[in-house]
Amino acid sequence: MRNLEYNSVNSLAGESQFVAELKKISMVLCKNNASVLLKGEKGTGKRQFALLVHLQGKNNPEDFFEHNCRVYSEHETERFFDLVSQLPSFDFLGKTIFISNVDNLSAVLQEKLLVLLRTTREEQKNLRFIFSTEVNIEDKIEQGVFSNDLYCLMSSVPVNMIPLRQRKDDILPIANYYFAKLSTMSGVGFKGFSEEALEVMKNYFWPGNIAELKNAVERAFIVGEPPYIKTSDMALGSEGGLPSVETGEDKTLKTAVNAFKKAYVTKILEENNWNQTKAAKVLGIQRTYVIRLIDELQIRK
């Protein structure tokens, strides 16, 4: 069983209503062992939230274990499940198993995990399971490639992790969170972010979510020079990560809006392998409206 390196800073940074709700949920989850399924794009903070739930229960940070089903081979994953199942009952207390990218499990390993979860529940073993996925598992169930029984056991409490671009109030608090942490660790004497950098961060699309923001701040500490972190230090373009818009000779607002909508919807579709259902969830609209936009804006794959 592999134990993750512990990060001593564990609070969820942010000032949005979403972060406030996450903190409330974590306080409830830490008091029981309900299986939790975290859904959301890559880099939205699923591991950080799982760790927060574990630590809110006053548990030892060394008792937080992770297994990434996308990284490890089928043999390694099977061995991990076997190790968990072989733990003596008294050794379950205060432990959290975080299984990420669970949608990557083969049918054989899905069945093995299903047995493990049922046994743990039936024997009332004090072990918490938290799962995460970046895809819509319901689609995989409809396609017959993921077990509905397993999904039901995994998702006693489903939690949707919202993309950073949909909670802009959290961007600067998260940037400052990592700035403070890196200032302490590195000793580099930055005073803060430049005004331009703050503005660009607020308007950037952040396709990589919190993970991308963290990497951008880390990059600035490596290549930047005090006193202030500049936009170029974080390698963020002035376009803010949004698709470019070409309107030709027609400069009317309507044309510009339609051009942007077409470029933006196309970008989201491409990021989701042209899956209209997934794109609709990212855009926050109905799938039928996505289909209408594709037709009206003449979007082609």
# chains A, B, ... in the order shown; residues from 1 in each chain; ligands from 1
>>> closest_atom_pairs(of="range 18-61 of chain A", to="range 145-154 of chain A", cutoff="10 Å", atoms="only C-alpha atoms", output="CSV")
residue,atom,partner,partner_atom,distance
A:Ala34,CA,A:Met154,CA,8.8
A:Ser35,CA,A:Met154,CA,5.3
A:Val36,CA,A:Met154,CA,6.3
A:Leu37,CA,A:Met154,CA,6.1
A:Leu38,CA,A:Met154,CA,9.8
>>> write_last_selection(atoms="N, CA, C and O atoms", output="PDB file, in the first residue's frame")
ATOM      1  N   ALA A  34     -19.154   7.175   4.972  1.00  0.00           N
ATOM      2  CA  ALA A  34     -19.911   7.068   3.724  1.00  0.00           C
ATOM      3  C   ALA A  34     -18.957   7.176   2.537  1.00  0.00           C
ATOM      4  O   ALA A  34     -18.017   7.979   2.540  1.00  0.00           O
ATOM      5  N   SER A  35     -19.186   6.336   1.522  1.00  0.00           N
ATOM      6  CA  SER A  35     -18.357   6.395   0.314  1.00  0.00           C
ATOM      7  C   SER A  35     -18.654   7.682  -0.439  1.00  0.00           C
ATOM      8  O   SER A  35     -19.812   8.042  -0.646  1.00  0.00           O
ATOM      9  N   VAL A  36     -17.597   8.366  -0.862  1.00  0.00           N
ATOM     10  CA  VAL A  36     -17.727   9.659  -1.534  1.00  0.00           C
ATOM     11  C   VAL A  36     -17.186   9.542  -2.956  1.00  0.00           C
ATOM     12  O   VAL A  36     -16.116   8.967  -3.173  1.00  0.00           O
ATOM     13  N   LEU A  37     -17.932  10.080  -3.924  1.00  0.00           N
ATOM     14  CA  LEU A  37     -17.463  10.126  -5.306  1.00  0.00           C
ATOM     15  C   LEU A  37     -17.314  11.589  -5.714  1.00  0.00           C
ATOM     16  O   LEU A  37     -18.291  12.334  -5.772  1.00  0.00           O
ATOM     17  N   LEU A  38     -16.073  11.997  -6.003  1.00  0.00           N
ATOM     18  CA  LEU A  38     -15.781  13.357  -6.426  1.00  0.00           C
ATOM     19  C   LEU A  38     -15.728  13.404  -7.947  1.00  0.00           C
ATOM     20  O   LEU A  38     -14.957  12.674  -8.575  1.00  0.00           O
TER      21      LEU A  38
END
>>> atom_distance(atom1="CA of Ile130 in chain A", atom2="CA of Phe98 in chain A")
4.8 Å
>>> closest_residue(among="A:Val188, A:Val217, A:Ile268, A:Ile174", to="Lys230 in chain A", atoms="only C-alpha atoms")
A:Val217
>>> closest_residue(among="A:Ala280, A:Ile97, A:Leu269, A:Lys262", to="Gln298 in chain A", atoms="only C-alpha atoms")
A:Lys262
>>> select_by_dssp(residues="range 83-256 of chain A", states="helix (DSSP H, G or I)", output="PyMOL selection string")
chain A and resi 83-85+89-91+102-104+107-122+137-142+148-154+164-166+168-186+195-203+209-223+232-234+253-256
>>> decode(residues="range 66-161 of chain A", atoms="C-alpha atoms", output="short mmCIF file (atom, residue, chain, number, x, y, z; two decimals), in the first residue's frame")
data_model
loop_
_atom_site.label_atom_id
_atom_site.label_comp_id
_atom_site.auth_asym_id
_atom_site.auth_seq_id
_atom_site.Cartn_x
_atom_site.Cartn_y
_atom_site.Cartn_z
CA GLU A 66 -4.03 7.02 -2.70
CA HIS A 67 -4.14 4.77 -5.70
CA ASN A 68 -4.42 6.27 -9.20
CA CYS A 69 -6.13 3.77 -11.51
CA ARG A 70 -4.87 5.62 -14.57
CA VAL A 71 -1.22 5.45 -13.52
CA TYR A 72 -0.90 1.96 -12.09
CA SER A 73 -1.14 -1.25 -14.09
CA GLU A 74 -3.99 -3.72 -13.68
CA HIS A 75 -1.69 -6.05 -11.73
CA GLU A 76 -0.61 -3.25 -9.37
CA THR A 77 -4.21 -2.18 -8.82
CA GLU A 78 -5.29 -5.76 -8.08
CA ARG A 79 -2.44 -6.08 -5.58
CA PHE A 80 -3.50 -2.79 -3.94
CA PHE A 81 -7.07 -4.05 -3.50
CA ASP A 82 -5.74 -7.30 -2.05
CA LEU A 83 -3.59 -5.42 0.47
CA VAL A 84 -6.58 -3.34 1.60
CA SER A 85 -8.80 -6.40 1.95
CA GLN A 86 -6.15 -8.18 4.03
CA LEU A 87 -5.88 -5.43 6.63
CA PRO A 88 -6.97 -6.67 10.08
CA SER A 89 -10.15 -5.02 11.36
CA PHE A 90 -8.36 -3.11 14.13
CA ASP A 91 -6.01 -1.56 11.55
CA PHE A 92 -8.84 0.08 9.56
CA LEU A 93 -9.52 2.76 12.16
CA GLY A 94 -8.77 6.29 10.96
CA LYS A 95 -7.63 5.29 7.48
CA THR A 96 -8.81 6.83 4.21
CA ILE A 97 -8.39 5.16 0.83
CA PHE A 98 -8.52 7.67 -2.03
CA ILE A 99 -8.94 5.93 -5.40
CA SER A 100 -8.60 8.39 -8.27
CA ASN A 101 -9.65 7.93 -11.92
CA VAL A 102 -11.77 4.97 -10.85
CA ASP A 103 -13.45 4.94 -14.29
CA ASN A 104 -10.27 3.35 -15.68
CA LEU A 105 -10.89 0.03 -13.90
CA SER A 106 -11.39 -3.05 -16.04
CA ALA A 107 -14.50 -5.20 -15.58
CA VAL A 108 -12.48 -7.70 -13.53
CA LEU A 109 -11.15 -5.02 -11.18
CA GLN A 110 -14.57 -3.40 -10.91
CA GLU A 111 -15.90 -6.71 -9.59
CA LYS A 112 -12.98 -7.00 -7.17
CA LEU A 113 -13.59 -3.49 -5.85
CA LEU A 114 -17.31 -4.21 -5.56
CA VAL A 115 -16.58 -7.24 -3.34
CA LEU A 116 -14.13 -5.19 -1.25
CA LEU A 117 -16.69 -2.43 -0.66
CA ARG A 118 -19.48 -4.88 0.18
CA THR A 119 -17.26 -6.79 2.60
CA THR A 120 -16.08 -3.59 4.27
CA ARG A 121 -19.66 -2.42 4.71
CA GLU A 122 -21.07 -5.77 5.86
CA GLU A 123 -18.32 -6.26 8.42
CA GLN A 124 -18.69 -2.61 9.53
CA LYS A 125 -14.99 -1.98 9.19
CA ASN A 126 -14.07 1.59 10.07
CA LEU A 127 -12.49 2.47 6.71
CA ARG A 128 -13.33 5.47 4.54
CA PHE A 129 -13.30 5.24 0.74
CA ILE A 130 -13.20 8.35 -1.44
CA PHE A 131 -13.26 8.01 -5.22
CA SER A 132 -12.72 10.48 -8.03
CA THR A 133 -13.39 10.65 -11.75
CA GLU A 134 -12.90 13.17 -14.53
CA VAL A 135 -15.54 11.62 -16.79
CA ASN A 136 -19.28 11.03 -16.69
CA ILE A 137 -19.49 7.47 -15.31
CA GLU A 138 -23.24 7.42 -16.07
CA ASP A 139 -22.30 7.40 -19.77
CA LYS A 140 -20.03 4.39 -19.20
CA ILE A 141 -22.85 2.60 -17.39
CA GLU A 142 -25.16 3.21 -20.36
CA GLN A 143 -22.45 1.86 -22.67
CA GLY A 144 -22.18 -1.26 -20.51
CA VAL A 145 -18.53 -0.75 -19.57
CA PHE A 146 -18.99 0.24 -15.93
CA SER A 147 -20.87 -1.58 -13.17
CA ASN A 148 -24.00 0.19 -11.97
CA ASP A 149 -23.82 -1.79 -8.69
CA LEU A 150 -20.29 -0.51 -8.09
CA TYR A 151 -21.30 3.04 -8.98
CA CYS A 152 -24.12 2.95 -6.42
CA LEU A 153 -21.76 1.73 -3.67
CA MET A 154 -19.09 4.31 -4.55
CA SER A 155 -21.38 7.30 -4.69
CA SER A 156 -23.25 7.35 -1.39
CA VAL A 157 -22.27 11.03 -1.37
CA PRO A 158 -21.55 12.50 -4.83
CA VAL A 159 -19.73 15.84 -4.90
CA ASN A 160 -19.33 17.90 -8.09
CA MET A 161 -16.08 19.88 -8.19
#
